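This is query-v5.txt (compact mmCIF, C-alpha atoms).
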```txt
# COMPACT_ATOMS: atom_id res chain seq x y z
CA MET A 246 -87.26 -83.64 -167.16
CA LYS A 247 -89.21 -80.69 -168.65
CA ILE A 248 -89.83 -79.31 -165.17
CA LEU A 249 -86.14 -79.62 -164.34
CA ILE A 250 -85.14 -77.77 -167.50
CA ALA A 251 -87.68 -75.04 -166.79
CA ILE A 252 -86.37 -74.62 -163.25
CA LYS A 253 -82.79 -74.40 -164.50
CA ILE A 254 -83.84 -71.72 -166.98
CA LEU A 255 -85.69 -69.84 -164.23
CA SER A 256 -82.63 -69.99 -161.99
CA VAL A 257 -80.43 -68.57 -164.72
CA ALA A 258 -82.97 -65.82 -165.41
CA LEU A 259 -83.14 -64.80 -161.77
CA ILE A 260 -79.38 -64.72 -161.42
CA THR A 261 -78.94 -62.81 -164.65
CA THR A 262 -81.47 -60.20 -163.54
CA ALA A 263 -79.62 -59.77 -160.26
CA LEU A 264 -76.38 -59.34 -162.18
CA CYS A 265 -77.86 -56.54 -164.24
CA VAL A 266 -78.83 -54.72 -161.08
CA VAL A 267 -75.39 -55.14 -159.62
CA GLY A 268 -73.80 -53.91 -162.82
CA SER A 269 -70.75 -56.19 -162.92
CA THR A 270 -68.68 -56.65 -166.04
CA GLN A 271 -69.92 -59.10 -168.67
CA ALA A 272 -67.04 -61.53 -168.15
CA VAL A 273 -67.60 -61.69 -164.39
CA MET A 274 -71.34 -62.09 -164.92
CA LEU A 275 -70.96 -65.01 -167.27
CA GLU A 276 -68.46 -66.73 -165.01
CA SER A 277 -70.69 -66.26 -161.93
CA VAL A 278 -73.77 -67.53 -163.76
CA SER A 279 -71.91 -70.58 -165.00
CA LYS A 280 -70.56 -71.32 -161.53
CA ALA A 281 -73.98 -70.91 -159.87
CA VAL A 282 -75.65 -73.24 -162.37
CA LYS A 283 -72.91 -75.87 -162.14
CA GLU A 284 -73.12 -75.88 -158.35
CA SER A 285 -76.91 -76.29 -158.32
CA GLU A 286 -78.25 -79.20 -156.30
CA VAL A 287 -81.14 -81.31 -157.56
CA LYS A 288 -83.02 -83.65 -155.23
CA VAL A 289 -85.96 -85.96 -155.87
CA ILE A 290 -88.00 -87.62 -153.11
CA ALA A 291 -90.81 -90.10 -153.63
CA ARG A 292 -92.95 -91.16 -150.67
CA TYR A 293 -95.58 -93.84 -151.08
CA ARG A 294 -98.20 -94.25 -148.38
CA LEU A 295 -101.00 -96.74 -147.81
CA GLU A 296 -103.30 -95.55 -145.03
CA THR A 297 -106.38 -97.31 -143.68
CA VAL A 298 -108.89 -95.92 -141.18
CA GLU A 299 -111.61 -97.71 -139.19
CA GLN A 300 -113.82 -95.28 -137.29
CA ASP A 301 -116.94 -95.86 -135.21
CA GLY A 302 -119.96 -94.00 -136.55
CA ILE A 303 -118.86 -94.37 -140.18
CA ASP A 304 -119.92 -97.61 -141.83
CA LYS A 305 -117.26 -97.69 -144.52
CA ASP A 306 -113.54 -98.04 -143.75
CA ALA A 307 -111.10 -95.79 -145.60
CA THR A 308 -108.20 -96.95 -147.74
CA ALA A 309 -105.92 -94.35 -149.33
CA SER A 310 -103.00 -95.21 -151.59
CA THR A 311 -101.03 -92.09 -152.48
CA LEU A 312 -97.63 -91.11 -153.85
CA LYS A 313 -95.89 -87.81 -153.15
CA THR A 314 -93.15 -86.83 -155.58
CA ARG A 315 -90.97 -83.85 -154.73
CA LEU A 316 -88.48 -82.08 -156.98
CA SER A 317 -86.12 -79.59 -155.31
CA VAL A 318 -83.54 -77.41 -157.03
CA LYS A 319 -81.14 -75.20 -155.09
CA THR A 320 -78.86 -72.95 -157.11
CA GLY A 321 -75.23 -72.38 -156.31
CA LYS A 322 -74.27 -69.06 -154.77
CA PHE A 323 -74.02 -65.91 -156.79
CA GLY A 324 -72.20 -63.52 -154.53
CA ASN A 325 -74.10 -63.66 -151.25
CA PHE A 326 -77.30 -64.99 -152.83
CA ASN A 327 -78.83 -68.26 -153.93
CA ALA A 328 -82.35 -69.51 -154.63
CA LYS A 329 -84.43 -72.62 -154.07
CA ILE A 330 -87.57 -73.91 -155.72
CA GLU A 331 -89.50 -77.02 -154.74
CA VAL A 332 -92.54 -78.59 -156.41
CA ASP A 333 -94.69 -81.37 -154.92
CA ASN A 334 -97.15 -83.65 -156.67
CA VAL A 335 -99.56 -85.96 -154.84
CA SER A 336 -101.20 -88.69 -156.90
CA GLU A 337 -103.62 -91.47 -156.09
CA ILE A 338 -102.24 -94.90 -156.96
CA GLY A 339 -104.71 -97.71 -156.55
CA ALA A 340 -107.22 -97.52 -153.70
CA ASP A 341 -109.00 -94.16 -153.32
CA ASN A 342 -111.80 -95.07 -150.94
CA TYR A 343 -111.31 -92.21 -148.52
CA ASN A 344 -112.48 -88.68 -147.78
CA SER A 345 -109.63 -86.37 -148.77
CA THR A 346 -111.81 -83.32 -147.85
CA ALA A 347 -111.71 -82.45 -151.56
CA ASN A 348 -113.05 -85.53 -153.39
CA GLY A 349 -116.60 -85.51 -152.00
CA LYS A 350 -116.39 -89.07 -150.61
CA THR A 351 -117.88 -88.21 -147.25
CA GLN A 352 -119.10 -91.79 -146.71
CA TYR A 353 -115.52 -92.64 -145.71
CA PRO A 354 -113.33 -91.43 -142.82
CA VAL A 355 -110.97 -88.54 -143.54
CA VAL A 356 -107.45 -89.09 -144.84
CA ALA A 357 -106.23 -85.54 -145.48
CA ASP A 358 -104.03 -86.34 -148.49
CA MET A 359 -105.61 -84.71 -151.52
CA LYS A 360 -104.17 -85.06 -155.00
CA GLY A 361 -102.65 -82.15 -156.88
CA THR A 362 -99.47 -80.25 -157.70
CA ASP A 363 -98.21 -77.46 -155.47
CA LEU A 364 -95.34 -74.98 -155.36
CA ASN A 365 -94.05 -76.01 -151.95
CA GLN A 366 -91.09 -73.63 -151.66
CA ALA A 367 -89.70 -70.76 -153.72
CA TYR A 368 -87.34 -68.35 -152.01
CA VAL A 369 -84.13 -66.36 -152.31
CA THR A 370 -81.49 -66.47 -149.56
CA PHE A 371 -79.00 -63.78 -148.60
CA TYR A 372 -75.94 -64.85 -146.59
CA GLY A 373 -74.27 -62.31 -144.34
CA ASP A 374 -71.46 -62.57 -141.79
CA MET A 375 -73.85 -63.38 -138.94
CA ALA A 376 -77.21 -63.69 -140.68
CA LYS A 377 -79.12 -65.72 -143.22
CA ILE A 378 -82.25 -64.11 -144.67
CA ASN A 379 -84.91 -65.97 -146.68
CA ILE A 380 -87.54 -64.14 -148.73
CA GLY A 381 -90.43 -66.07 -150.27
CA ARG A 382 -92.33 -69.30 -149.69
CA GLN A 383 -90.43 -71.53 -147.29
CA ARG A 384 -90.45 -74.29 -144.70
CA ILE A 385 -90.19 -73.09 -141.07
CA ASN A 386 -89.78 -75.46 -138.13
CA HIS A 387 -89.20 -74.18 -134.62
CA ASN A 388 -87.83 -76.43 -131.89
CA ASP A 389 -90.04 -79.57 -131.64
CA HIS A 390 -92.73 -78.07 -133.95
CA ARG A 391 -95.14 -77.62 -131.01
CA PHE A 392 -96.02 -74.07 -132.02
CA LEU A 393 -94.66 -73.65 -135.55
CA GLY A 394 -93.97 -76.45 -138.01
CA GLY A 395 -94.30 -77.82 -141.51
CA VAL A 396 -96.73 -80.72 -140.90
CA ALA A 397 -94.41 -82.85 -143.06
CA TRP A 398 -96.32 -85.95 -141.96
CA ARG A 399 -99.04 -85.24 -144.50
CA GLN A 400 -98.34 -85.65 -148.19
CA ASN A 401 -98.96 -81.94 -148.84
CA GLU A 402 -96.68 -79.95 -146.54
CA GLN A 403 -97.48 -76.68 -144.74
CA THR A 404 -95.21 -73.81 -145.80
CA TYR A 405 -95.08 -70.08 -145.15
CA ASP A 406 -94.97 -66.94 -147.30
CA GLY A 407 -92.86 -64.20 -145.77
CA PHE A 408 -89.44 -63.15 -144.53
CA ARG A 409 -87.14 -65.07 -142.19
CA ALA A 410 -83.89 -63.86 -140.65
CA GLN A 411 -81.64 -66.25 -138.71
CA PHE A 412 -78.76 -64.77 -136.71
CA ASP A 413 -75.73 -66.49 -135.21
CA VAL A 414 -75.31 -63.89 -132.48
CA SER A 415 -72.55 -65.90 -130.82
CA ASP A 416 -71.31 -69.48 -130.60
CA ASN A 417 -73.93 -70.11 -127.90
CA PHE A 418 -76.83 -67.89 -128.93
CA LYS A 419 -79.00 -68.06 -132.07
CA LEU A 420 -81.95 -65.85 -132.96
CA ASP A 421 -84.64 -66.74 -135.50
CA THR A 422 -87.23 -64.11 -136.50
CA SER A 423 -89.96 -64.38 -139.14
CA TYR A 424 -92.74 -62.24 -140.53
CA ILE A 425 -95.40 -64.38 -142.23
CA PHE A 426 -98.32 -62.99 -144.21
CA ASN A 427 -99.74 -66.26 -145.54
CA VAL A 428 -99.83 -69.87 -144.37
CA ASN A 429 -100.11 -72.48 -147.14
CA ARG A 430 -101.89 -75.25 -145.26
CA ILE A 431 -102.05 -78.95 -146.12
CA PHE A 432 -105.45 -78.51 -147.79
CA THR A 433 -106.21 -77.57 -151.40
CA ALA A 434 -108.46 -74.79 -152.67
CA ASP A 435 -111.25 -77.23 -153.58
CA SER A 436 -111.35 -78.90 -150.17
CA GLY A 437 -114.01 -78.19 -147.60
CA VAL A 438 -111.37 -76.77 -145.26
CA VAL A 439 -109.65 -73.37 -145.38
CA ASP A 440 -106.49 -73.86 -147.44
CA ASN A 441 -104.74 -70.60 -146.50
CA PHE A 442 -104.43 -68.51 -143.36
CA HIS A 443 -103.89 -64.87 -144.30
CA GLY A 444 -102.79 -62.32 -141.76
CA ASN A 445 -99.85 -60.87 -139.88
CA ILE A 446 -97.71 -63.34 -137.95
CA LEU A 447 -94.56 -62.50 -136.06
CA ALA A 448 -92.55 -65.54 -134.93
CA VAL A 449 -89.45 -65.15 -132.76
CA ASN A 450 -87.41 -68.09 -131.50
CA SER A 451 -84.09 -67.82 -129.70
CA VAL A 452 -81.90 -70.65 -128.44
CA TYR A 453 -79.14 -70.36 -125.89
CA GLN A 454 -76.82 -73.37 -125.85
CA PHE A 455 -75.06 -73.68 -122.49
CA ASN A 456 -73.02 -76.59 -123.93
CA LYS A 457 -73.60 -79.54 -126.25
CA LYS A 458 -76.05 -81.17 -123.84
CA HIS A 459 -78.00 -78.28 -122.34
CA LYS A 460 -80.01 -75.55 -124.03
CA VAL A 461 -83.02 -73.33 -123.48
CA ALA A 462 -85.34 -71.91 -126.14
CA PHE A 463 -87.36 -68.72 -125.70
CA TYR A 464 -90.21 -68.05 -128.14
CA TYR A 465 -92.83 -65.43 -128.90
CA TYR A 466 -95.67 -65.74 -131.41
CA ASN A 467 -98.01 -62.93 -132.37
CA MET A 468 -100.65 -64.40 -134.69
CA ASP A 469 -103.27 -62.01 -136.10
CA PHE A 470 -105.35 -63.78 -138.76
CA ASP A 471 -107.65 -62.01 -141.22
CA ASP A 472 -110.23 -64.78 -141.49
CA ALA A 473 -109.48 -67.50 -138.93
CA LEU A 474 -110.14 -65.00 -136.17
CA THR A 475 -110.62 -67.50 -133.36
CA ASN A 476 -107.02 -68.68 -133.89
CA SER A 477 -105.52 -65.22 -133.36
CA ASN A 478 -103.33 -65.39 -130.28
CA ARG A 479 -100.28 -64.01 -128.52
CA THR A 480 -97.98 -66.65 -126.97
CA LEU A 481 -94.81 -66.32 -124.90
CA GLY A 482 -92.86 -69.26 -123.50
CA ALA A 483 -89.63 -71.14 -122.90
CA THR A 484 -88.41 -74.76 -123.02
CA TYR A 485 -85.33 -76.34 -121.49
CA ASN A 486 -83.72 -79.50 -122.90
CA GLY A 487 -80.89 -81.24 -121.06
CA LYS A 488 -79.00 -84.51 -121.30
CA PHE A 489 -77.09 -86.13 -118.46
CA MET A 490 -74.64 -88.90 -119.30
CA LEU A 491 -74.56 -91.91 -116.96
CA SER A 492 -71.93 -93.65 -119.06
CA SER A 493 -70.69 -93.59 -122.64
CA LYS A 494 -73.94 -95.26 -123.84
CA ASN A 495 -76.47 -94.60 -121.08
CA SER A 496 -78.13 -91.27 -120.39
CA ILE A 497 -81.11 -89.40 -118.94
CA SER A 498 -82.75 -86.53 -120.83
CA LEU A 499 -85.04 -83.87 -119.39
CA LYS A 500 -87.47 -81.50 -121.07
CA VAL A 501 -89.40 -78.81 -119.20
CA GLY A 502 -91.45 -76.03 -120.76
CA PHE A 503 -94.07 -73.39 -120.01
CA ALA A 504 -95.99 -70.85 -122.07
CA SER A 505 -98.79 -68.35 -121.55
CA GLN A 506 -101.30 -67.32 -124.20
CA SER A 507 -104.04 -64.74 -124.66
CA ASP A 508 -106.41 -63.65 -127.39
CA ASN A 509 -105.13 -61.27 -130.06
CA GLY A 510 -106.36 -59.05 -132.86
CA ASP A 511 -110.05 -59.44 -133.70
CA ASN A 512 -110.43 -62.76 -131.88
CA PRO A 513 -114.00 -62.67 -130.49
CA SER A 514 -112.93 -64.69 -127.44
CA ASP A 515 -111.49 -63.22 -124.27
CA TYR A 516 -109.21 -65.74 -122.63
CA SER A 517 -105.83 -66.36 -121.00
CA ALA A 518 -104.53 -69.94 -120.94
CA SER A 519 -101.26 -71.68 -120.19
CA TYR A 520 -99.22 -74.56 -121.57
CA SER A 521 -96.77 -76.80 -119.72
CA ILE A 522 -94.74 -79.91 -120.37
CA ALA A 523 -92.43 -82.10 -118.32
CA GLU A 524 -90.77 -85.13 -119.89
CA ILE A 525 -87.97 -87.45 -118.85
CA ASN A 526 -86.32 -90.02 -121.09
CA SER A 527 -83.62 -92.56 -120.44
CA LYS A 528 -81.40 -94.73 -122.63
CA PHE A 529 -80.06 -97.89 -121.09
CA GLU A 530 -78.42 -100.91 -122.73
CA GLY A 531 -80.05 -100.45 -126.12
CA PHE A 532 -83.51 -99.53 -124.79
CA SER A 533 -85.19 -96.16 -124.33
CA PHE A 534 -87.88 -95.35 -121.78
CA GLY A 535 -89.81 -92.14 -121.30
CA VAL A 536 -92.67 -90.57 -119.40
CA GLY A 537 -94.25 -87.17 -119.97
CA TYR A 538 -97.04 -84.90 -118.85
CA GLU A 539 -98.32 -82.17 -121.20
CA VAL A 540 -101.13 -79.76 -120.40
CA LEU A 541 -102.91 -77.39 -122.77
CA GLY A 542 -105.04 -75.26 -120.46
CA SER A 543 -108.27 -73.37 -121.02
CA ASP A 544 -110.09 -70.26 -119.91
CA ASN A 545 -113.67 -69.07 -120.45
CA GLY A 546 -114.37 -72.22 -122.46
CA VAL A 547 -111.45 -71.62 -124.85
CA GLY A 548 -108.55 -74.07 -125.10
CA PHE A 549 -104.90 -73.18 -125.62
CA LYS A 550 -104.36 -72.84 -129.38
CA THR A 551 -101.55 -74.14 -131.60
CA PRO A 552 -102.91 -73.56 -135.14
CA LEU A 553 -99.50 -73.72 -136.88
CA ALA A 554 -98.04 -76.73 -135.07
CA THR A 555 -97.17 -80.12 -136.54
CA LEU A 556 -100.05 -81.54 -134.52
CA HIS A 557 -99.63 -85.17 -135.57
CA LYS A 558 -96.57 -85.39 -133.31
CA PHE A 559 -98.58 -84.71 -130.16
CA GLN A 560 -101.46 -86.27 -128.20
CA GLY A 561 -101.70 -89.36 -130.36
CA TRP A 562 -101.27 -90.22 -134.03
CA VAL A 563 -104.99 -90.79 -134.61
CA ASP A 564 -105.27 -86.97 -134.58
CA LYS A 565 -108.29 -86.59 -132.32
CA PHE A 566 -106.84 -83.41 -130.80
CA LEU A 567 -106.01 -81.24 -133.80
CA GLY A 568 -107.91 -78.55 -131.95
CA THR A 569 -107.74 -78.15 -128.18
CA PRO A 570 -111.13 -78.77 -126.50
CA GLY A 571 -112.71 -75.86 -124.63
CA GLU A 572 -112.04 -77.75 -121.41
CA GLY A 573 -108.36 -78.13 -122.26
CA VAL A 574 -106.43 -81.40 -122.40
CA LYS A 575 -104.01 -83.25 -120.14
CA ASP A 576 -101.83 -85.92 -121.73
CA THR A 577 -99.95 -88.40 -119.58
CA TYR A 578 -97.83 -90.57 -121.84
CA PHE A 579 -95.31 -93.39 -121.65
CA LYS A 580 -92.75 -94.35 -124.29
CA VAL A 581 -90.49 -97.31 -124.91
CA GLY A 582 -88.19 -98.07 -127.82
CA THR A 583 -85.38 -100.28 -129.01
CA LYS A 584 -83.56 -101.33 -132.14
CA LEU A 585 -83.36 -104.79 -133.68
CA GLY A 586 -80.71 -104.75 -136.37
CA ASN A 587 -81.71 -101.97 -138.76
CA VAL A 588 -85.29 -101.85 -137.45
CA LYS A 589 -86.28 -99.18 -134.93
CA LEU A 590 -89.26 -100.08 -132.73
CA SER A 591 -91.28 -97.63 -130.64
CA ALA A 592 -94.48 -97.68 -128.60
CA ILE A 593 -96.34 -94.79 -126.94
CA TYR A 594 -99.35 -94.92 -124.65
CA HIS A 595 -101.47 -91.80 -124.00
CA ASP A 596 -103.99 -91.21 -121.23
CA LEU A 597 -105.96 -88.08 -122.18
CA SER A 598 -108.36 -86.09 -120.01
CA ALA A 599 -109.80 -82.59 -119.58
CA GLU A 600 -107.79 -79.88 -117.86
CA GLU A 601 -110.76 -78.08 -116.27
CA GLU A 602 -113.71 -80.46 -116.11
CA ASN A 603 -113.77 -83.96 -114.64
CA ALA A 604 -113.78 -85.71 -118.01
CA ASN A 605 -111.74 -88.60 -119.35
CA TRP A 606 -111.23 -88.02 -123.07
CA GLY A 607 -109.80 -91.48 -123.84
CA THR A 608 -106.62 -93.48 -124.30
CA GLU A 609 -104.44 -94.23 -127.30
CA LEU A 610 -101.76 -96.76 -128.21
CA ASP A 611 -99.24 -95.90 -130.96
CA LEU A 612 -96.79 -98.38 -132.48
CA VAL A 613 -94.17 -97.92 -135.20
CA ALA A 614 -91.41 -99.92 -136.86
CA VAL A 615 -88.92 -98.17 -139.15
CA TYR A 616 -86.56 -100.11 -141.39
CA LYS A 617 -83.79 -98.24 -143.17
CA VAL A 618 -82.93 -100.41 -146.17
CA ASN A 619 -80.07 -98.15 -147.30
CA LYS A 620 -79.25 -94.45 -147.63
CA GLN A 621 -81.87 -94.02 -150.32
CA LEU A 622 -84.78 -96.19 -149.13
CA THR A 623 -86.61 -96.18 -145.78
CA THR A 624 -89.79 -98.12 -144.97
CA ALA A 625 -92.15 -97.81 -142.00
CA LEU A 626 -95.14 -99.63 -140.58
CA LYS A 627 -97.23 -97.59 -138.16
CA TYR A 628 -100.40 -98.28 -136.13
CA ALA A 629 -102.55 -96.14 -133.83
CA SER A 630 -105.71 -96.97 -131.90
CA TYR A 631 -107.82 -94.46 -129.95
CA ASP A 632 -110.24 -95.79 -127.33
CA ALA A 633 -112.81 -93.04 -126.73
CA GLU A 634 -114.47 -92.18 -123.43
CA ASP A 635 -115.89 -88.65 -123.28
CA ARG A 636 -114.52 -87.30 -126.58
CA ALA A 637 -114.69 -88.39 -130.23
CA THR A 638 -115.12 -92.03 -131.31
CA ASP A 639 -113.10 -95.23 -131.33
CA THR A 640 -110.70 -95.06 -134.27
CA SER A 641 -107.79 -97.14 -135.52
CA LYS A 642 -105.34 -96.30 -138.29
CA LEU A 643 -102.67 -98.32 -140.08
CA TRP A 644 -99.95 -96.97 -142.35
CA PHE A 645 -97.32 -98.47 -144.59
CA MET A 646 -94.78 -96.05 -146.06
CA ALA A 647 -91.76 -96.23 -148.31
CA THR A 648 -89.55 -93.19 -148.92
CA LEU A 649 -87.01 -93.08 -151.72
CA LYS A 650 -84.44 -90.27 -151.94
CA PHE A 651 -82.14 -89.66 -154.88
```
Now, as a test, write the supplied structure out as structure tokens.
Amino acid sequence: MKILIAIKILSVALITTALCVVGSTQAVMLESVSKAVKESEVKVIARYRLETVEQDGIDKDATASTLKTRLSVKTGKFGNFNAKIEVDNVSEIGADNYNSTANGKTQYPVVADMKGTDLNQAYVTFYGDMAKINIGRQRINHNDHRFLGGVAWRQNEQTYDGFRAQFDVSDNFKLDTSYIFNVNRIFTADSGVVDNFHGNILAVNSVYQFNKKHKVAFYYYNMDFDDALTNSNRTLGATYNGKFMLSSKNSISLKVGFASQSDNGDNPSDYSASYSIAEINSKFEGFSFGVGYEVLGSDNGVGFKTPLATLHKFQGWVDKFLGTPGEGVKDTYFKVGTKLGNVKLSAIYHDLSAEEENANWGTELDLVAVYKVNKQLTTALKYASYDAEDRATDTSKLWFMATLKF
């Protein structure tokens, strides 16, 4: 409650300061402030997670019991402006036998959910006739998060400090441009992993919607990091998504994409690698089936890089490929899903190998069941098992999650 009051006071202070700059009359100012405060939205999300990890090569199994609590406040509009502030807290509840990268418990496998309180978002938005501009710390997700995302899977989210301008150029064409000078990663300052990526990042994403079922996205990323030099890259690509209706309930969806990448800035590596994906999905009589082939190439011993992606979504949930191997990676995967009542069931099988060398990295099976109790409460049970061949070690993970929104 104290945090909420403080945020309300901060919102009023920001709006009042803006009013002074504008120089409106006192009566108009008071009315606008009152309206903006009254129209403020307050949201609270609590996500509990129990995660266990069994990993070959580490004698002890990990068990992490954590709770993320998020408080978000979005002010009403004052003129063409409003503001948002969001605070996250991650606490350990019960079992803490895991290596968070910050607690020093290296005898356990890693579960990258470290406790602490973080300012997740804090930005001001300007609304124009065709544009929306955000200034400050914010969440940015492009397309399927393959190149730029918020890593919302982890308890501490990845957000970005900078400027973002989104343009509705026409009914069919949207343009999204961002300049980012700091990446607030999922790690904390006391972890053994870099918690911030400083540098100059230009992110451009444009989407042309042919109609409701067919669209193509063009993207360009120029990442020049100050410290994480080996991640500096320049990437240009495009992805097409289309849906073909077979009947009112049955359909086939197609996804095809390609990108090229080269070193950038002070990256000590000299390379030029490509990315490609082809995926087809079908829905038929309450079931979904899919098959895909994704390739992250390599050159001169350097793999295609995606340092700002929501990596957990790709190449298996065990997270053995958070960095692309120097030999690259090919992922052939199969998906199946259905729904039983209010329970969604999905299974994915990955066959992973090198792109350049004749190496079989391993296989992985991912299973998930999601039960939506009501509008406020959703639960999920999730399992992943990686069977290693030429990369990493056999690892299995189990999660139980409950998310409450109010």
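Proximity to Asp440 (chain A) at 8 Å, evaluated using only C-alpha atoms and with sequence-adjacent residues fewer than 4 positions away removed, yields Asn429, Arg430, Ile431, Phe432, Thr433, Ala434 and Ser436 of chain A.
Take the candidates A:Ala307, A:Ala448, A:Ala625, A:Ala462 and check each one against Phe645 (chain A) using all atoms listed in the file; the shortest distance goes to A:Ala625.
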- Message: Need the shell around Leu597 (chain A): protein/DNA/RNA residues with any atom at most 9 Å away, counting all atoms listed in the file. Skip same-chain ones fewer than 2 positions apart. Format as a PyMOL selection string?
- Response: chain A and resi 560+574-578+595+599+605-609
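A cut-off of 9 Å from the point (-85.7, -76.2, -126.3), with only C-alpha atoms, picks out the residues Asn388, Asp389, Val452, Tyr453, His459, Lys460, Val461, Ala462, Phe463, Ala483, Thr484, Tyr485, Asn486, Gly487, Lys500, Val501 and Gly502 of chain A.
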- Message: I need the residue nearest Gly510 (chain A) from this list: A:Asn545, A:Asn526, A:Ser496, A:Asn467. Use only C-alpha atoms for the distance.
- Response: A:Asn467
- Task: Find the residues around Arg479 (chain A) up to 7 Å (all atoms listed in the file counted), leave out those fewer than 6 positions away in its own chain, and share them as a PyMOL selection string.
- Result: chain A and resi 466-468+506-509
- Message: Every residue with an atom at most 6 Å from (-77.0, -73.4, -157.8) (file coordinates; all atoms listed in the file) is what I'm after, so could you write them as a PyMOL selection string?
- Response: chain A and resi 281-282+284-285+319-322
